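Heads up, start_5.pdb below (PDB, C-alpha atoms):
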ATOM      1  CA  MET A  14      77.872  77.908 121.661
ATOM      2  CA  LEU A  15      80.688  76.545 123.790
ATOM      3  CA  GLU A  16      79.586  72.951 123.293
ATOM      4  CA  ASP A  17      79.529  73.457 119.518
ATOM      5  CA  ARG A  18      83.056  74.873 119.631
ATOM      6  CA  ARG A  19      84.229  71.988 121.847
ATOM      7  CA  ARG A  20      82.888  69.426 119.370
ATOM      8  CA  ARG A  21      84.535  71.210 116.469
ATOM      9  CA  THR A  22      87.830  71.444 118.363
ATOM     10  CA  THR A  23      87.770  67.724 119.174
ATOM     11  CA  ARG A  24      87.150  66.834 115.520
ATOM     12  CA  ALA A  25      89.825  69.241 114.257
ATOM     13  CA  MET A  26      92.467  68.036 116.698
ATOM     14  CA  ALA A  27      91.776  64.435 115.675
ATOM     15  CA  THR A  28      92.671  65.389 112.096
ATOM     16  CA  VAL A  29      95.880  67.292 112.923
ATOM     17  CA  ILE A  30      97.403  65.161 115.705
ATOM     18  CA  ASP A  31      99.097  61.819 115.105
ATOM     19  CA  PRO A  32      97.920  59.708 118.072
ATOM     20  CA  THR A  33     101.101  57.584 117.918
ATOM     21  CA  ARG A  34     103.554  60.401 118.626
ATOM     22  CA  ARG A  35     103.943  63.273 121.041
ATOM     23  CA  ALA A  36     102.702  66.624 119.828
ATOM     24  CA  ARG A  37     103.942  70.141 120.493
ATOM     25  CA  VAL A  38     100.959  72.480 120.743
ATOM     26  CA  LEU A  39     100.906  76.247 121.175
ATOM     27  CA  ASP A  40      97.717  78.082 122.118
ATOM     28  CA  LEU A  41      98.384  81.606 120.882
ATOM     29  CA  GLY A  42      96.383  84.186 122.824
ATOM     30  CA  SER A  43      95.631  81.693 125.586
ATOM     31  CA  GLY A  44      93.863  84.226 127.818
ATOM     32  CA  ASP A  45      92.140  82.527 130.751
ATOM     33  CA  GLY A  46      93.470  79.092 129.781
ATOM     34  CA  ALA A  47      90.082  77.566 128.940
ATOM     35  CA  VAL A  48      91.046  76.537 125.391
ATOM     36  CA  LEU A  49      94.387  75.159 126.534
ATOM     37  CA  MET A  50      92.652  73.096 129.237
ATOM     38  CA  SER A  51      90.206  71.718 126.664
ATOM     39  CA  LEU A  52      93.101  70.659 124.408
ATOM     40  CA  ARG A  53      95.035  68.658 126.983
ATOM     41  CA  PRO A  54      92.793  65.547 127.010
ATOM     42  CA  LEU A  55      92.931  65.462 123.200
ATOM     43  CA  LEU A  56      96.711  65.065 123.054
ATOM     44  CA  PRO A  57      98.784  61.870 123.098
ATOM     45  CA  ALA A  58     100.707  61.051 126.280
ATOM     46  CA  GLY A  59     103.921  63.001 126.622
ATOM     47  CA  SER A  60     102.738  65.899 124.486
ATOM     48  CA  ALA A  61     103.663  69.462 125.377
ATOM     49  CA  ALA A  62     100.999  72.182 125.448
ATOM     50  CA  LEU A  63     101.899  75.806 126.078
ATOM     51  CA  GLY A  64      99.787  78.942 126.225
ATOM     52  CA  ILE A  65     101.114  82.339 125.163
ATOM     53  CA  ASP A  66      99.399  85.644 125.812
ATOM     54  CA  LEU A  67     100.483  89.250 125.523
ATOM     55  CA  LEU A  68      98.716  90.332 128.711
ATOM     56  CA  GLU A  69     100.285  89.210 131.968
ATOM     57  CA  SER A  70      97.009  89.878 133.834
ATOM     58  CA  ARG A  71      95.294  87.179 131.763
ATOM     59  CA  LEU A  72      98.084  84.726 132.523
ATOM     60  CA  VAL A  73      97.821  85.435 136.246
ATOM     61  CA  ALA A  74      94.082  84.706 136.083
ATOM     62  CA  ALA A  75      94.729  81.517 134.088
ATOM     63  CA  ARG A  76      97.264  80.287 136.652
ATOM     64  CA  GLN A  77      94.835  80.960 139.495
ATOM     65  CA  VAL A  78      92.077  78.890 137.894
ATOM     66  CA  HIS A  79      94.357  76.238 136.320
ATOM     67  CA  PRO A  80      97.594  76.130 138.364
ATOM     68  CA  ASP A  81      99.035  73.230 136.358
ATOM     69  CA  LEU A  82      98.880  75.040 132.994
ATOM     70  CA  VAL A  83     102.102  76.080 131.313
ATOM     71  CA  VAL A  84     101.598  79.658 130.162
ATOM     72  CA  ALA A  85     103.959  82.505 129.402
ATOM     73  CA  ALA A  86     103.875  86.136 128.324
ATOM     74  CA  ALA A  87     105.068  86.798 124.783
ATOM     75  CA  ASN A  88     104.304  88.992 121.808
ATOM     76  CA  GLY A  89     102.751  87.073 118.918
ATOM     77  CA  ALA A  90     104.799  89.148 116.481
ATOM     78  CA  ALA A  91     108.056  87.877 118.035
ATOM     79  CA  LEU A  92     107.447  84.367 119.342
ATOM     80  CA  PRO A  93     110.280  82.917 121.462
ATOM     81  CA  PHE A  94     110.606  79.672 119.484
ATOM     82  CA  PRO A  95     112.991  78.435 116.815
ATOM     83  CA  PRO A  96     111.672  77.631 113.352
ATOM     84  CA  ALA A  97     109.537  74.482 113.026
ATOM     85  CA  ALA A  98     109.224  74.123 116.815
ATOM     86  CA  VAL A  99     105.467  73.493 117.033
ATOM     87  CA  ASP A 100     103.181  70.875 115.474
ATOM     88  CA  VAL A 101      99.858  72.633 116.059
ATOM     89  CA  VAL A 102      99.020  76.266 116.748
ATOM     90  CA  THR A 103      95.550  77.100 117.991
ATOM     91  CA  VAL A 104      94.353  80.665 117.445
ATOM     92  CA  PHE A 105      90.935  81.302 118.956
ATOM     93  CA  THR A 106      89.652  84.880 118.655
ATOM     94  CA  VAL A 107      93.165  86.257 118.264
ATOM     95  CA  PHE A 108      93.352  87.942 114.863
ATOM     96  CA  SER A 109      90.018  89.734 115.292
ATOM     97  CA  SER A 110      91.650  91.635 118.170
ATOM     98  CA  ILE A 111      94.570  92.810 116.009
ATOM     99  CA  LEU A 112      93.344  95.949 114.286
ATOM    100  CA  ASP A 113      96.633  96.884 112.632
ATOM    101  CA  ALA A 114      97.023  95.002 109.322
ATOM    102  CA  GLY A 115     100.820  95.074 109.492
ATOM    103  CA  LEU A 116     100.831  93.602 112.989
ATOM    104  CA  ALA A 117      98.378  90.889 111.916
ATOM    105  CA  GLN A 118     100.737  89.998 109.045
ATOM    106  CA  ALA A 119     103.674  89.869 111.477
ATOM    107  CA  VAL A 120     101.820  87.513 113.851
ATOM    108  CA  ALA A 121     100.756  85.284 110.957
ATOM    109  CA  GLY A 122     104.378  85.257 109.766
ATOM    110  CA  GLU A 123     105.520  84.071 113.168
ATOM    111  CA  VAL A 124     102.897  81.324 113.187
ATOM    112  CA  ARG A 125     104.125  80.200 109.758
ATOM    113  CA  ARG A 126     107.751  80.320 110.936
ATOM    114  CA  ILE A 127     107.329  78.197 114.060
ATOM    115  CA  LEU A 128     105.055  75.568 112.494
ATOM    116  CA  ALA A 129     106.804  72.272 111.801
ATOM    117  CA  PRO A 130     106.493  70.548 108.412
ATOM    118  CA  GLY A 131     103.188  68.696 108.336
ATOM    119  CA  GLY A 132     101.813  70.959 111.065
ATOM    120  CA  ALA A 133      98.515  72.826 111.149
ATOM    121  CA  VAL A 134      96.728  75.823 112.598
ATOM    122  CA  VAL A 135      93.336  75.322 114.241
ATOM    123  CA  TRP A 136      91.411  78.572 113.713
ATOM    124  CA  TYR A 137      88.345  80.036 115.430
ATOM    125  CA  ASP A 138      87.562  83.709 114.995
ATOM    126  CA  MET A 139      84.991  86.286 114.018
ATOM    127  CA  ALA A 140      84.132  86.541 110.343
ATOM    128  CA  ARG A 141      82.062  89.707 110.725
ATOM    129  CA  ASN A 142      82.597  93.055 112.379
ATOM    130  CA  ASN A 143      80.806  93.677 115.646
ATOM    131  CA  PRO A 144      79.112  97.092 115.365
ATOM    132  CA  ARG A 145      78.992  97.332 119.167
ATOM    133  CA  ASN A 146      82.702  96.688 119.648
ATOM    134  CA  ARG A 147      85.175  98.705 117.587
ATOM    135  CA  ALA A 148      88.079  97.015 119.365
ATOM    136  CA  VAL A 149      87.590  93.934 117.168
ATOM    137  CA  ARG A 150      87.231  93.265 113.457
ATOM    138  CA  GLY A 151      85.876  90.334 111.546
ATOM    139  CA  LEU A 152      88.057  88.325 109.190
ATOM    140  CA  PRO A 153      86.199  86.706 106.312
ATOM    141  CA  ILE A 154      87.828  83.737 104.571
ATOM    142  CA  ALA A 155      89.546  86.020 102.037
ATOM    143  CA  ALA A 156      91.270  87.896 104.869
ATOM    144  CA  VAL A 157      92.449  84.627 106.448
ATOM    145  CA  ARG A 158      93.830  83.489 103.090
ATOM    146  CA  ALA A 159      95.693  86.792 102.781
ATOM    147  CA  LEU A 160      97.354  86.134 106.150
ATOM    148  CA  PHE A 161      98.360  82.606 105.109
ATOM    149  CA  PRO A 162      99.042  82.864 101.355
ATOM    150  CA  GLY A 163      99.371  79.596  99.505
ATOM    151  CA  TRP A 164      97.974  77.591 102.407
ATOM    152  CA  HIS A 165      95.027  75.231 102.309
ATOM    153  CA  VAL A 166      92.307  77.072 104.251
ATOM    154  CA  ASP A 167      89.400  74.847 105.289
ATOM    155  CA  LEU A 168      87.002  77.031 107.286
ATOM    156  CA  GLU A 169      83.267  76.872 107.813
ATOM    157  CA  PRO A 170      80.814  79.304 109.387
ATOM    158  CA  CYS A 171      79.727  78.599 112.947
ATOM    159  CA  THR A 172      78.619  80.289 116.183
ATOM    160  CA  VAL A 173      75.206  81.876 116.148
ATOM    161  CA  LEU A 174      75.141  85.606 116.790
ATOM    162  CA  PRO A 175      75.960  85.621 120.553
ATOM    163  CA  PRO A 176      73.487  88.362 121.627
ATOM    164  CA  LEU A 177      70.677  86.442 119.945
ATOM    165  CA  VAL A 178      71.650  83.219 121.723
ATOM    166  CA  ARG A 179      71.804  84.977 125.094
ATOM    167  CA  ARG A 180      68.237  86.199 124.565
ATOM    168  CA  THR A 181      66.628  83.082 123.074
ATOM    169  CA  GLU A 182      68.265  80.210 124.962
ATOM    170  CA  PRO A 183      66.728  81.088 128.371
ATOM    171  CA  LEU A 184      63.294  81.393 126.744
ATOM    172  CA  VAL A 185      63.569  78.377 124.442
ATOM    173  CA  PRO A 186      66.139  75.875 125.763
ATOM    174  CA  GLY A 187      67.804  74.008 122.907
ATOM    175  CA  SER A 188      67.120  76.765 120.394
ATOM    176  CA  TYR A 189      70.812  77.050 119.505
ATOM    177  CA  GLY A 190      70.680  74.008 117.220
ATOM    178  CA  LEU A 191      67.748  75.466 115.294
ATOM    179  CA  LEU A 192      69.334  78.898 114.983
ATOM    180  CA  ALA A 193      72.649  77.375 113.855
ATOM    181  CA  ARG A 194      70.899  76.042 110.744
ATOM    182  CA  ILE A 195      70.320  79.582 109.487
ATOM    183  CA  PRO A 196      73.472  80.618 107.579
ATOM    184  CA  GLY A 197      72.953  84.355 108.041
ATOM    185  CA  LEU A 198      73.089  84.022 111.836
ATOM    186  CA  ARG A 199      76.574  82.453 111.958
ATOM    187  CA  THR A 200      79.239  85.002 112.863
ATOM    188  CA  HIS A 201      82.523  83.050 113.229
ATOM    189  CA  LEU A 202      84.717  80.701 111.220
ATOM    190  CA  PHE A 203      86.195  77.440 112.465
ATOM    191  CA  GLY A 204      88.585  75.080 110.769
ATOM    192  CA  VAL A 205      92.108  74.056 109.916
ATOM    193  CA  LEU A 206      94.828  75.853 107.974
ATOM    194  CA  ARG A 207      97.727  73.893 106.505
ATOM    195  CA  PRO A 208     100.725  74.874 104.411
ATOM    196  CA  HIS A 209     100.807  73.184 100.988
TER
END
As structure tokens, what does this structure read like?
Amino acid sequence: MLEDRRRRTTRAMATVIDPTRRARVLDLGSGDGAVLMSLRPLLPAGSAALGIDLLESRLVAARQVHPDLVVAAANGAALPFPPAAVDVVTVFTVFSSILDAGLAQAVAGEVRRILAPGGAVVWYDMARNNPRNRAVRGLPIAAVRALFPGWHVDLEPCTVLPPLVRRTEPLVPGSYGLLARIPGLRTHLFGVLRPH
């Protein structure tokens, strides 16, 4: 699963970053810093990459594992940046954790506000509800479009149902690729959002 997401992230970043100029990248909901760390080698020299998370405990953990990361605590509904300050915003499993529709709209509004002209959002999140976890909600493509009205939304299903992968991969190594070919088993969406 992680390797599939890494490949998709590498391809997406290649389409949204101009390799001839420095980029300003914000990883919204940076958590343990893993996504931010994976982005750094994909950026041109001199680029700035910052992680933002609401929970200070996650940032402390990220700094312990990756002491050279630049991370800060902030609320996604009130980002501490001027308009058009960021070239790329990555949002990996962020909006599925926001259960309040008004708050989700506020966070999306902030992402739209801080994105520079020609910028993009790289999106990875659940498309379906998880019946075992009521603290998250899936966002199908229609819900993503509602958060970013008028934007070009290029998302595709990915990530095989994680509990199934955890059970089958130890028994049949390499089974992920076979399972990923079955559309009904894919639970997340990955892709790029751009303003028109």
### Task
Would you write out, as a PyMOL selection string, every residue that the PyMOL selection byres ((chain A and resi 207) around 10) captures in this file?
chain A and resi 29+101+125+128+130-135+161+163-167+205-206+208-209
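Note that the spacing between CA of Ala36 (chain A) and CA of Leu52 (chain A) amounts to 11.4 Å.
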Listing only residues of region 60-118 of chain A within 12 Å of region 14-28 of chain A, what is the closest atom pair and its distance in Å (to one decimal) for each, using all atoms listed in the file, sorted by chain and residue number ascending, as JSON lines?
{"residue": "A:Asp100", "atom": "CA", "partner": "A:Met26", "partner_atom": "CA", "distance": 11.2}
{"residue": "A:Val101", "atom": "CA", "partner": "A:Met26", "partner_atom": "CA", "distance": 8.7}
{"residue": "A:Val102", "atom": "CA", "partner": "A:Met26", "partner_atom": "CA", "distance": 10.5}
{"residue": "A:Thr103", "atom": "CA", "partner": "A:Thr22", "partner_atom": "CA", "distance": 9.6}
{"residue": "A:Val104", "atom": "CA", "partner": "A:Thr22", "partner_atom": "CA", "distance": 11.3}
{"residue": "A:Phe105", "atom": "CA", "partner": "A:Arg18", "partner_atom": "CA", "distance": 10.2}
### Task
Tell me, as a PyMOL selection string, which residues lie within 10 Å of Cys171 (chain A), counting all atoms listed in the file; anything in the same chain fewer than 2 positions away does not count.
chain A and resi 14+17-18+21+137-140+168-169+173-174+193-194+196+198-204
Could the centre and edge lengths of an axis-aligned box, enclosing all atoms of region 158-162 of chain A in the file with 6 Å extra on each side, be given in Å to one decimal as AutoDock Vina command-line options?
--center_x 96.4 --center_y 84.7 --center_z 103.8 --size_x 17.2 --size_y 16.2 --size_z 16.8
Taking the file above as input, evaluate the PyMOL selection byres ((chain A and resi 67) around 8) and report the hits as an mmCIF file with C-alpha atoms, in the frame of the given file.
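Output contents, as saved in selection-v1.cif:
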data_model
loop_
_atom_site.group_PDB
_atom_site.id
_atom_site.type_symbol
_atom_site.label_atom_id
_atom_site.label_comp_id
_atom_site.auth_asym_id
_atom_site.auth_seq_id
_atom_site.Cartn_x
_atom_site.Cartn_y
_atom_site.Cartn_z
ATOM 1 C CA GLY A 42 96.383 84.186 122.824
ATOM 2 C CA ILE A 65 101.114 82.339 125.163
ATOM 3 C CA ASP A 66 99.399 85.644 125.812
ATOM 4 C CA LEU A 68 98.716 90.332 128.711
ATOM 5 C CA GLU A 69 100.285 89.210 131.968
ATOM 6 C CA ALA A 86 103.875 86.136 128.324
ATOM 7 C CA ALA A 87 105.068 86.798 124.783
ATOM 8 C CA ASN A 88 104.304 88.992 121.808
ATOM 9 C CA GLY A 89 102.751 87.073 118.918
#
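Applied to this file, the PyMOL selection byres ((chain A and resi 149-160) around 6) selects A:Ser109, A:Ser110, A:Gln118, A:Ala121, A:Met139, A:Ala140, A:Arg141, A:Asn142, A:Arg147, A:Ala148, A:Phe161, A:Pro162.
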For the residues in the current selection, export C-alpha atoms as a PDB file, in the coordinates of the input.
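The resulting file, again-v4.pdb, is reproduced below:
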ATOM      1  CA  SER A 109      90.018  89.734 115.292  1.00  0.00           C
ATOM      2  CA  SER A 110      91.650  91.635 118.170  1.00  0.00           C
ATOM      3  CA  GLN A 118     100.737  89.998 109.045  1.00  0.00           C
ATOM      4  CA  ALA A 121     100.756  85.284 110.957  1.00  0.00           C
ATOM      5  CA  MET A 139      84.991  86.286 114.018  1.00  0.00           C
ATOM      6  CA  ALA A 140      84.132  86.541 110.343  1.00  0.00           C
ATOM      7  CA  ARG A 141      82.062  89.707 110.725  1.00  0.00           C
ATOM      8  CA  ASN A 142      82.597  93.055 112.379  1.00  0.00           C
ATOM      9  CA  ARG A 147      85.175  98.705 117.587  1.00  0.00           C
ATOM     10  CA  ALA A 148      88.079  97.015 119.365  1.00  0.00           C
ATOM     11  CA  PHE A 161      98.360  82.606 105.109  1.00  0.00           C
ATOM     12  CA  PRO A 162      99.042  82.864 101.355  1.00  0.00           C
TER      13      PRO A 162
END
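Taking CA of Ala90 (chain A) and CA of Ala62 (chain A) as endpoints, the distance between them is 19.6 Å.
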I'd like the contact shell of Ser60 (chain A) - 9 Å cut-off, only C-alpha atoms, skipping same-chain residues fewer than 2 positions apart - returned as a short mmCIF file (atom, residue, chain, number, x, y, z; two decimals) with C-alpha atoms, in the frame of the given file.
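Saved to part03.cif:
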data_model
loop_
_atom_site.label_atom_id
_atom_site.label_comp_id
_atom_site.auth_asym_id
_atom_site.auth_seq_id
_atom_site.Cartn_x
_atom_site.Cartn_y
_atom_site.Cartn_z
CA ARG A 34 103.55 60.40 118.63
CA ARG A 35 103.94 63.27 121.04
CA ALA A 36 102.70 66.62 119.83
CA ARG A 37 103.94 70.14 120.49
CA VAL A 38 100.96 72.48 120.74
CA ARG A 53 95.04 68.66 126.98
CA LEU A 56 96.71 65.06 123.05
CA PRO A 57 98.78 61.87 123.10
CA ALA A 58 100.71 61.05 126.28
CA ALA A 62 101.00 72.18 125.45
#
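Take CA of Leu49 (chain A) and CA of Leu82 (chain A): the distance between them is 7.9 Å.
Taking all atoms listed in the file into account, Trp136 (chain A) lies nearest to A:Val124 out of the set A:Ala75, A:Val185, A:Leu191, A:Val124.
Nearest to Leu41 (chain A) of all the residues A:Gly64, A:Pro96, A:Gly59, A:Pro176 is A:Gly64, based on only C-alpha atoms.
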### Summary
Counting only C-alpha atoms, the residue among A:Arg126, A:Pro170, A:Pro175, A:Asp31 that lies closest to Asn143 (chain A) is A:Pro175
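Between Leu55 (chain A) and the residues A:Ile30, A:Val99, A:Val107, A:Val73, the shortest atom-to-atom distance, using all atoms listed in the file, involves A:Ile30.
If you measure from each of A:Pro32, A:Gly46, A:Thr172, A:Ile111 to Asp81 (chain A) using all atoms listed in the file, the closest one turns out to be A:Gly46.
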### Task
Give as a PyMOL selection string each residue that has an atom at most 6 Å from (100.8, 75.8, 126.0) in the file, counting only C-alpha atoms.
chain A and resi 39-40+62-64+83-84
#### Entry: Residue nearest Val120 (chain A) - candidates A:Ile195, A:Leu92, A:Pro186, A:Asp45, atoms counted: only C-alpha atoms
A:Leu92
